[in-house]
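Here is the file start-v7.csv (CSV, C-alpha atoms).
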chain,number,residue,atom,x,y,z
S,966,MET,CA,23.6,67.3,-7.7
S,967,THR,CA,22.1,70.0,-9.7
S,968,ILE,CA,21.5,73.3,-7.9
S,969,ASP,CA,19.1,74.7,-10.5
S,970,LEU,CA,16.0,73.7,-8.5
S,971,LEU,CA,17.1,76.0,-5.7
S,972,LEU,CA,17.9,79.0,-7.9
S,973,HIS,CA,15.3,81.8,-8.0
S,974,LYS,CA,14.4,81.4,-11.7
S,975,PRO,CA,11.6,79.8,-13.7
S,976,ASN,CA,12.0,76.0,-14.3
S,977,LYS,CA,9.4,74.9,-16.8
S,978,ASP,CA,10.4,71.2,-16.4
S,979,ILE,CA,9.0,71.1,-12.8
S,980,GLU,CA,5.4,70.1,-12.4
S,981,MET,CA,3.4,72.4,-10.2
S,982,PRO,CA,2.6,70.5,-7.0
S,983,SER,CA,-1.0,69.9,-6.2
S,984,ALA,CA,-0.3,70.7,-2.5
S,985,PHE,CA,0.1,74.4,-3.4
S,986,MET,CA,-3.0,74.5,-5.5
S,987,HIS,CA,-5.9,75.0,-3.0
S,988,ASP,CA,-9.4,75.1,-4.4
S,989,ASN,CA,-9.6,78.9,-4.0
S,990,ILE,CA,-6.5,79.3,-6.2
S,991,LEU,CA,-7.8,77.0,-8.8
S,992,ASP,CA,-11.0,79.0,-8.9
S,993,VAL,CA,-9.0,82.2,-9.6
S,994,ARG,CA,-7.4,80.6,-12.6
S,995,LYS,CA,-10.7,79.4,-14.0
S,996,THR,CA,-12.5,82.7,-13.5
S,997,SER,CA,-12.9,84.9,-16.5
S,998,SER,CA,-10.9,88.2,-16.5
S,999,ARG,CA,-14.2,89.9,-17.2
S,1000,ASP,CA,-15.7,88.7,-13.9
S,1001,SER,CA,-16.8,91.8,-12.0
S,1002,THR,CA,-16.6,90.2,-8.5
S,1003,PRO,CA,-13.4,90.2,-6.4
S,1004,LYS,CA,-11.4,87.0,-6.7
S,1005,LYS,CA,-9.7,85.1,-3.9
S,1006,PRO,CA,-6.0,86.0,-4.0
S,1007,ILE,CA,-2.9,84.0,-3.4
S,1008,ARG,CA,-2.0,84.9,0.2
S,1009,ILE,CA,1.7,85.5,0.9
S,1010,LEU,CA,3.4,86.2,4.2
S,1011,SER,CA,7.0,87.5,4.3
S,1012,ILE,CA,9.1,88.0,7.4
S,1013,ASP,CA,12.4,90.0,7.4
S,1014,GLY,CA,15.7,89.1,9.0
S,1015,GLY,CA,16.8,90.8,12.2
S,1016,GLY,CA,18.1,88.4,14.8
S,1017,ILE,CA,16.5,88.8,18.3
S,1018,ARG,CA,14.3,91.6,16.8
S,1019,GLY,CA,12.2,88.7,15.3
S,1020,LEU,CA,10.3,89.2,18.5
S,1021,ILE,CA,8.5,92.1,16.8
S,1022,PRO,CA,6.9,90.2,13.9
S,1023,ALA,CA,6.3,87.2,16.3
S,1024,MET,CA,4.0,89.5,18.4
S,1025,VAL,CA,2.3,90.8,15.2
S,1026,LEU,CA,1.6,87.2,14.2
S,1027,ALA,CA,0.3,86.3,17.6
S,1028,ASP,CA,-2.1,89.2,17.4
S,1029,ILE,CA,-3.3,88.0,14.0
S,1030,GLU,CA,-3.9,84.5,15.3
S,1031,LYS,CA,-5.8,85.9,18.2
S,1032,ARG,CA,-8.0,88.1,16.0
S,1033,THR,CA,-8.8,85.4,13.4
S,1034,GLY,CA,-8.9,82.4,15.7
S,1035,LYS,CA,-6.8,80.6,13.1
S,1036,LYS,CA,-3.2,79.3,12.8
S,1037,ILE,CA,-0.8,81.3,10.6
S,1038,TYR,CA,-0.2,78.3,8.3
S,1039,GLU,CA,-4.0,78.2,7.6
S,1040,LEU,CA,-4.1,81.8,6.6
S,1041,PHE,CA,-1.3,81.9,4.0
S,1042,ASP,CA,-0.5,79.9,0.8
S,1043,LEU,CA,3.1,80.8,0.9
S,1044,ILE,CA,5.4,81.9,3.8
S,1045,ALA,CA,8.8,83.4,3.0
S,1046,GLY,CA,11.5,84.2,5.5
S,1047,THR,CA,15.1,85.4,5.8
S,1048,SER,CA,17.3,84.6,8.8
S,1049,THR,CA,15.2,85.0,11.9
S,1050,GLY,CA,12.2,85.3,9.6
S,1051,GLY,CA,13.1,82.0,8.1
S,1052,LEU,CA,13.1,80.4,11.5
S,1053,MET,CA,9.6,81.8,12.2
S,1054,ALA,CA,8.3,80.6,8.8
S,1055,LEU,CA,9.3,77.0,9.5
S,1056,ALA,CA,8.5,77.1,13.2
S,1057,LEU,CA,4.9,78.1,12.4
S,1058,CYS,CA,4.6,75.1,10.0
S,1059,ILE,CA,5.8,72.3,12.2
S,1060,PRO,CA,3.2,69.5,12.3
S,1061,ASP,CA,2.3,68.1,15.7
S,1062,GLY,CA,1.6,64.6,14.5
S,1063,ASN,CA,-2.1,64.8,15.1
S,1064,GLY,CA,-3.1,66.9,12.1
S,1065,GLY,CA,-2.4,70.2,13.7
S,1066,VAL,CA,0.5,72.6,14.3
S,1067,LYS,CA,3.1,72.2,17.0
S,1068,HIS,CA,3.7,75.9,17.7
S,1069,LEU,CA,1.6,79.0,17.8
S,1070,ALA,CA,3.0,82.5,17.2
S,1071,LYS,CA,2.8,83.2,20.9
S,1072,ASP,CA,5.2,80.3,21.4
S,1073,LEU,CA,7.8,82.0,19.3
S,1074,ILE,CA,7.7,85.0,21.7
S,1075,LYS,CA,8.7,82.6,24.5
S,1076,PHE,CA,11.4,81.1,22.2
S,1077,TYR,CA,13.0,84.5,21.7
S,1078,GLU,CA,12.8,85.3,25.4
S,1079,GLU,CA,14.3,82.0,26.5
S,1080,ASP,CA,16.6,80.8,23.7
S,1081,GLY,CA,17.8,84.2,22.6
S,1082,LYS,CA,20.1,84.6,25.5
S,1083,ARG,CA,21.6,81.2,24.9
S,1084,VAL,CA,22.2,81.6,21.2
S,1085,PHE,CA,23.7,85.1,21.6
S,1086,SER,CA,26.2,84.4,24.4
S,1087,ARG,CA,29.9,83.8,24.3
S,1088,SER,CA,32.5,82.8,26.8
S,1089,VAL,CA,35.6,84.8,27.7
S,1090,TRP,CA,37.7,82.4,25.7
S,1091,ARG,CA,35.5,83.0,22.7
S,1092,LYS,CA,36.1,86.7,23.0
S,1093,ILE,CA,39.8,86.2,23.2
S,1094,ARG,CA,40.1,83.8,20.3
S,1095,ALA,CA,37.9,86.0,18.1
S,1096,VAL,CA,39.9,89.1,19.1
S,1097,GLY,CA,36.6,90.8,19.9
S,1098,ASN,CA,35.0,90.0,16.5
S,1099,LEU,CA,37.9,90.4,14.1
S,1100,ALA,CA,39.4,86.9,13.8
S,1101,ASP,CA,36.3,84.7,14.1
S,1102,GLY,CA,32.6,84.7,14.3
S,1103,LYS,CA,31.2,86.6,17.3
S,1104,TYR,CA,29.3,83.5,18.5
S,1105,SER,CA,29.8,79.8,18.5
S,1106,ALA,CA,27.2,78.0,16.3
S,1107,ILE,CA,26.9,75.1,18.7
S,1108,PRO,CA,24.3,76.6,21.1
S,1109,MET,CA,22.2,77.7,18.1
S,1110,GLU,CA,22.4,74.2,16.5
S,1111,GLU,CA,21.4,72.6,19.8
S,1112,SER,CA,18.4,74.9,20.1
S,1113,LEU,CA,17.3,74.3,16.5
S,1114,LYS,CA,17.6,70.5,16.8
S,1115,SER,CA,15.6,70.6,20.0
S,1116,TYR,CA,12.9,72.8,18.4
S,1117,PHE,CA,12.6,71.1,15.0
S,1118,GLY,CA,13.6,67.6,15.8
S,1119,ASP,CA,14.1,65.3,12.8
S,1120,LEU,CA,11.4,67.0,10.7
S,1121,ARG,CA,12.2,67.7,7.1
S,1122,LEU,CA,11.3,70.6,4.8
S,1123,SER,CA,8.8,68.6,2.9
S,1124,GLN,CA,6.7,68.2,6.1
S,1125,ALA,CA,6.0,71.9,6.5
S,1126,LEU,CA,2.2,72.5,6.8
S,1127,THR,CA,2.1,75.1,4.0
S,1128,ASP,CA,4.5,76.2,1.2
S,1129,VAL,CA,7.6,78.0,2.4
S,1130,MET,CA,10.6,79.5,0.8
S,1131,ILE,CA,13.7,80.3,3.0
S,1132,SER,CA,16.7,82.3,1.7
S,1133,ALA,CA,20.4,81.5,1.9
S,1134,TYR,CA,23.5,82.4,0.0
S,1135,GLU,CA,25.9,79.8,-1.4
S,1136,MET,CA,29.3,81.5,-0.9
S,1137,GLU,CA,31.5,79.2,-2.9
S,1138,ARG,CA,29.2,79.0,-5.9
S,1139,ARG,CA,28.3,82.7,-5.4
S,1140,LEU,CA,24.6,82.0,-5.8
S,1141,PRO,CA,21.4,83.1,-4.0
S,1142,LEU,CA,19.3,80.1,-3.1
S,1143,PHE,CA,15.8,79.4,-1.7
S,1144,PHE,CA,14.8,76.3,0.1
S,1145,LYS,CA,11.2,75.5,-0.9
S,1146,ARG,CA,8.7,72.9,0.3
S,1147,ASN,CA,7.4,72.1,-3.2
S,1148,VAL,CA,11.0,71.4,-4.4
S,1149,ALA,CA,11.7,69.2,-1.4
S,1150,ARG,CA,8.6,67.2,-2.2
S,1151,GLN,CA,9.6,66.7,-5.8
S,1152,ASN,CA,13.2,65.8,-5.2
S,1153,ALA,CA,14.3,64.0,-2.0
S,1154,GLN,CA,17.9,65.4,-2.5
S,1155,PHE,CA,16.6,68.8,-1.5
S,1156,ASP,CA,14.5,67.6,1.4
S,1157,PHE,CA,16.9,68.8,4.1
S,1158,HIS,CA,16.1,68.8,7.8
S,1159,MET,CA,14.3,71.9,8.9
S,1160,TRP,CA,16.9,72.7,11.5
S,1161,GLN,CA,19.6,72.6,8.8
S,1162,VAL,CA,17.7,75.1,6.6
S,1163,VAL,CA,17.3,77.4,9.6
S,1164,ARG,CA,20.9,77.1,10.5
S,1165,ALA,CA,21.8,78.1,6.9
S,1166,THR,CA,19.5,81.1,6.7
S,1167,THR,CA,20.7,82.4,10.1
S,1168,ALA,CA,24.4,82.2,9.4
S,1169,ALA,CA,24.9,85.9,9.6
S,1170,PRO,CA,28.4,87.0,8.5
S,1171,THR,CA,30.5,88.2,11.5
S,1172,TYR,CA,28.0,86.7,13.9
S,1173,PHE,CA,28.2,82.9,13.1
S,1174,GLU,CA,30.4,80.7,10.9
S,1175,PRO,CA,28.9,79.6,7.6
S,1176,ALA,CA,26.8,76.5,7.5
S,1177,ARG,CA,28.1,73.5,5.7
S,1178,LEU,CA,25.3,71.4,4.2
S,1179,GLN,CA,26.4,68.0,3.0
S,1180,ILE,CA,25.0,66.9,-0.4
S,1181,ASP,CA,25.7,63.9,-2.7
S,1182,GLY,CA,27.6,62.0,-0.1
S,1183,PRO,CA,30.9,63.1,1.6
S,1184,GLY,CA,32.4,64.7,-1.5
S,1185,ASP,CA,30.3,67.7,-2.0
S,1186,TYR,CA,28.5,70.3,0.1
S,1187,TYR,CA,26.9,73.7,0.1
S,1188,ALA,CA,28.7,76.6,2.0
S,1189,LEU,CA,25.8,78.8,3.1
S,1190,ILE,CA,25.4,82.2,4.8
S,1191,ASP,CA,22.5,84.3,5.8
S,1192,GLY,CA,20.1,85.1,3.0
S,1193,ALA,CA,20.0,88.7,4.3
S,1194,VAL,CA,23.0,89.5,2.2
S,1195,PHE,CA,20.7,89.6,-0.8
S,1196,ALA,CA,17.1,89.4,0.6
S,1197,PHE,CA,16.8,90.9,4.0
S,1198,ASN,CA,13.2,91.6,3.1
S,1199,PRO,CA,12.1,88.6,1.0
S,1200,ALA,CA,8.6,89.9,0.2
S,1201,LEU,CA,9.4,90.8,-3.5
S,1202,CYS,CA,11.1,87.4,-4.0
S,1203,ALA,CA,8.0,85.7,-2.6
S,1204,PHE,CA,5.7,87.8,-4.9
S,1205,PHE,CA,7.9,86.8,-7.8
S,1206,GLU,CA,7.8,83.2,-6.8
S,1207,ALA,CA,4.0,83.3,-6.8
S,1208,ARG,CA,3.8,85.0,-10.1
S,1209,GLN,CA,6.1,82.3,-11.6
S,1210,ARG,CA,4.0,79.5,-10.3
S,1211,PHE,CA,0.6,81.1,-11.1
S,1212,PRO,CA,1.3,83.2,-14.3
S,1213,ASP,CA,-2.5,83.4,-15.1
S,1214,ASN,CA,-3.4,84.8,-11.7
S,1215,ASP,CA,-3.5,88.5,-11.0
S,1216,GLU,CA,-4.9,88.6,-7.5
S,1217,PHE,CA,-2.5,88.6,-4.5
S,1218,LEU,CA,-2.5,89.6,-0.9
S,1219,VAL,CA,1.1,90.2,0.4
S,1220,VAL,CA,1.7,90.7,4.1
S,1221,SER,CA,5.3,91.9,4.9
S,1222,LEU,CA,6.6,92.0,8.5
S,1223,GLY,CA,9.7,94.0,9.4
S,1224,THR,CA,11.9,93.5,12.5
S,1225,GLY,CA,12.5,97.2,13.1
S,1226,GLU,CA,14.1,99.9,11.1
S,1227,THR,CA,17.1,101.8,12.5
S,1228,THR,CA,16.8,105.6,12.3
S,1229,GLY,CA,20.1,106.6,13.9
S,1230,ARG,CA,22.0,109.2,11.8
S,1231,LEU,CA,25.4,108.3,10.3
S,1232,ALA,CA,27.2,111.7,10.3
S,1233,TYR,CA,29.2,112.6,7.3
S,1234,ASP,CA,31.9,114.3,9.4
S,1235,GLU,CA,32.5,111.0,11.2
S,1236,ALA,CA,32.0,108.6,8.2
S,1237,GLN,CA,34.5,110.4,5.9
S,1238,ARG,CA,37.3,109.3,8.3
S,1239,TRP,CA,36.1,105.6,8.6
S,1240,GLY,CA,38.2,102.8,7.3
S,1241,ALA,CA,37.3,99.2,6.6
S,1242,LEU,CA,36.9,98.3,10.3
S,1243,ARG,CA,34.5,101.1,11.1
S,1244,TRP,CA,32.5,100.7,7.9
S,1245,ALA,CA,32.2,96.9,8.6
S,1246,GLN,CA,30.3,97.8,11.8
S,1247,HIS,CA,27.7,99.8,9.9
S,1248,VAL,CA,27.5,98.7,6.3
S,1249,PHE,CA,25.4,95.5,6.9
S,1250,GLY,CA,22.7,97.5,8.7
S,1251,VAL,CA,22.7,100.2,6.0
S,1252,MET,CA,22.5,97.5,3.3
S,1253,CYS,CA,19.6,95.8,5.0
S,1254,ASP,CA,17.6,98.9,5.8
S,1255,GLY,CA,18.1,100.3,2.3
S,1256,GLY,CA,17.2,97.1,0.5
S,1257,SER,CA,14.1,96.6,2.7
S,1258,ASP,CA,12.9,100.1,2.0
S,1259,MET,CA,13.3,99.6,-1.8
S,1260,VAL,CA,11.3,96.3,-1.7
S,1261,ASP,CA,8.5,98.1,0.3
S,1262,HIS,CA,8.4,100.9,-2.3
S,1263,GLN,CA,8.3,98.5,-5.3
S,1264,LEU,CA,5.6,96.3,-3.8
S,1265,SER,CA,3.5,99.4,-2.9
S,1266,SER,CA,3.6,100.3,-6.6
S,1267,LEU,CA,3.1,96.8,-7.9
S,1268,LEU,CA,0.1,96.0,-5.6
S,1269,PRO,CA,-2.1,99.1,-5.2
S,1270,THR,CA,-5.5,99.1,-3.7
S,1271,THR,CA,-7.9,97.3,-6.1
S,1272,GLU,CA,-11.0,98.8,-7.8
S,1273,TYR,CA,-13.0,97.0,-5.1
S,1274,GLY,CA,-11.3,99.0,-2.4
S,1275,ARG,CA,-9.3,96.0,-1.2
S,1276,ARG,CA,-5.6,96.4,-0.1
S,1277,GLN,CA,-3.3,93.9,-1.8
S,1278,TYR,CA,-0.2,94.8,0.2
S,1279,TYR,CA,0.4,95.4,3.9
S,1280,ARG,CA,3.8,96.3,5.5
S,1281,PHE,CA,4.2,96.5,9.2
S,1282,GLN,CA,7.4,98.0,10.4
S,1283,ALA,CA,8.6,99.6,13.7
S,1284,ARG,CA,11.0,102.5,14.0
S,1285,LEU,CA,14.0,101.9,16.3
S,1286,GLU,CA,14.6,105.4,17.4
S,1287,THR,CA,16.3,105.1,20.8
S,1288,GLY,CA,18.1,102.4,22.7
S,1289,ASN,CA,20.4,99.5,21.8
S,1290,PHE,CA,18.4,97.4,19.4
S,1291,ASP,CA,21.3,95.4,18.0
S,1292,MET,CA,20.3,92.1,16.3
S,1293,ASP,CA,22.2,90.2,19.0
S,1294,ASN,CA,21.1,92.1,22.1
S,1295,ALA,CA,19.2,89.4,24.0
S,1296,SER,CA,19.3,91.1,27.4
S,1297,HIS,CA,16.2,91.1,29.5
S,1298,ALA,CA,16.0,94.9,29.2
S,1299,ASN,CA,16.1,94.8,25.4
S,1300,ILE,CA,13.6,92.0,25.2
S,1301,ARG,CA,11.2,94.1,27.3
S,1302,ASP,CA,11.9,97.2,25.1
S,1303,LEU,CA,11.2,95.1,21.9
S,1304,LYS,CA,7.9,93.9,23.3
S,1305,LEU,CA,6.8,97.4,24.3
S,1306,LEU,CA,7.8,98.6,20.8
S,1307,ALA,CA,5.8,95.8,19.2
S,1308,GLU,CA,2.8,96.6,21.3
S,1309,HIS,CA,3.0,100.3,20.4
S,1310,MET,CA,3.3,99.5,16.7
S,1311,ILE,CA,0.3,97.0,16.8
S,1312,HIS,CA,-1.8,99.6,18.6
S,1313,ASN,CA,-0.9,102.3,16.0
S,1314,ASN,CA,-1.7,100.0,13.2
S,1315,ARG,CA,-4.8,98.4,14.8
S,1316,HIS,CA,-7.2,99.5,12.1
S,1317,ALA,CA,-5.0,98.1,9.3
S,1318,ILE,CA,-4.4,94.9,11.2
S,1319,ARG,CA,-8.1,94.5,11.7
S,1320,SER,CA,-8.8,95.1,8.0
S,1321,LEU,CA,-6.1,92.5,7.1
S,1322,CYS,CA,-7.6,90.0,9.5
S,1323,GLU,CA,-11.1,90.5,8.0
S,1324,GLN,CA,-9.6,89.8,4.5
S,1325,LEU,CA,-7.8,86.7,5.7
S,1326,VAL,CA,-10.9,85.3,7.3
S,1327,GLU,CA,-12.9,86.1,4.2
S,1328,TYR,CA,-10.4,84.3,2.0
S,1329,ALA,CA,-10.3,81.2,4.3
S,1330,PRO,CA,-12.1,78.0,3.1
S,1331,GLU,CA,-15.9,78.3,3.3
S,1332,SER,CA,-16.2,75.7,6.0
S,1333,GLU,CA,-14.0,77.7,8.3
S,1334,THR,CA,-15.1,81.2,7.6
S,1335,ALA,CA,-18.1,81.4,9.9
S,1336,GLN,CA,-16.3,80.1,12.9
S,1337,SER,CA,-13.4,82.3,12.4
S,1338,ALA,CA,-15.6,85.4,11.9
S,1339,LYS,CA,-17.2,84.7,15.3
S,1340,VAL,CA,-13.8,84.6,17.0
S,1341,LEU,CA,-12.8,87.8,15.3
S,1342,ASP,CA,-15.9,89.6,16.6
S,1343,ALA,CA,-15.6,88.0,20.1
S,1344,HIS,CA,-12.1,89.2,20.7
S,1345,HIS,CA,-12.7,92.9,20.0
S,1346,VAL,CA,-8.9,93.5,20.0
S,1347,LEU,CA,-8.0,97.2,19.7
Written form, structure tokens:
Amino acid sequence: MTIDLLLHKPNKDIEMPSAFMHDNILDVRKTSSRDSTPKKPIRILSIDGGGIRGLIPAMVLADIEKRTGKKIYELFDLIAGTSTGGLMALALCIPDGNGGVKHLAKDLIKFYEEDGKRVFSRSVWRKIRAVGNLADGKYSAIPMEESLKSYFGDLRLSQALTDVMISAYEMERRLPLFFKRNVARQNAQFDFHMWQVVRATTAAPTYFEPARLQIDGPGDYYALIDGAVFAFNPALCAFFEARQRFPDNDEFLVVSLGTGETTGRLAYDEAQRWGALRWAQHVFGVMCDGGSDMVDHQLSSLLPTTEYGRRQYYRFQARLETGNFDMDNASHANIRDLKLLAEHMIHNNRHAIRSLCEQLVEYAPESETAQSAKVLDAHHVL
């Protein structure tokens, strides 16, 4: 089974799926570059990894749904996610069987509140067997898999309501991969169950054992870990994907949601004496924060405000200044702290969020714009 379709590189032999080419995107490609009016952009949503801290972008997305009166999958042409962001990307694209979506963003808030404690829990025996966290993954993957199977059922990647790309890393082949709806629709071999894709993207090293995804019968498989090892913030990867698929288009709207950035100081006087064990406790967080900041900087440069005064890039990120905001801290106290932090960030960015929502409503299909605009005005969200 070829793995090339999952690699993040151009593949000219693959036909562009019609499902991704909405009328507004086709209009962009047909419009002359000399046209003086703003074009409708390809709309991209990207969600970082971050474990239980996914509660933060879930609340931002719930606010966007409330302001626009529309579902997240209706507002974006492509949704990318890593780890907990990958879970959200697919959860917001689950069909309900009646032409709608099964879960709203506010439902994900409840998911983190209720299932988070179950996923991030371990027995005394687990602690003993893992020697704290040295000899085995910190948590058993069984509770997570049970939650994912219950949440996603038997749905497959091809059934997502809009295009998605979910990151994972193949540890035996040493390759970064993306699970994509358009690829799943073109090749049934890559049409994995949604819960399997989420299990792979959330297999964070030291927290959970790698995911084993069977392919080509019993003789072959993918050995997958969390995509955060190379794309904690997948926004640049999503932008690159859109550029590959629409090389003639030059209008984009990228919305990138973080799960909180740690600000705690790593003192030189202490770090100079750290060995492998102590560094292992900090290096993953340093790598994720540093990589995420670099992606933010690059996209800010690649997508400046247009000559029409329209923003092409939004990044919403909270600062984790005090408290225990570990990715696996699913305590009631931390859940409350995360919700308060998200509320504070949403309030401080209310003008930017409102501007974004106005753009998203404007770029919605014509038949839906008027209704959504009325909802936007009616809510008067601060």
Select, from S:Gly1062, S:Pro1199, S:Gly1274, S:Gly1034, the residue with the minimum atom-to-atom distance to Leu1010 in chain S, counting only C-alpha atoms.
->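 Nearest to Leu1010 in chain S: S:Pro1199.
Put simply, CA of Glu1286 in chain S is 11.6 Å away from CA of Asp1302 in chain S.
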Quote the spacing between CA of Ala1207 in chain S and CA of Ala1045 in chain S in Å to one decimal place.
->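 Calculated distance between CA of Ala1207 in chain S and CA of Ala1045 in chain S is 10.9 Å.
Using all atoms listed in the file for every distance, the candidate list S:Phe1197, S:Phe1144, S:Tyr1273, S:Tyr1134 yields S:Tyr1134 as the residue closest to Arg1177 in chain S.
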Using all atoms listed in the file, find the one residue out of S:Tyr1186, S:Tyr1279, S:Phe1076, S:Phe1155 that sits nearest to Arg1138 in chain S.
->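 For Arg1138 in chain S, the nearest of the candidates is S:Tyr1186.
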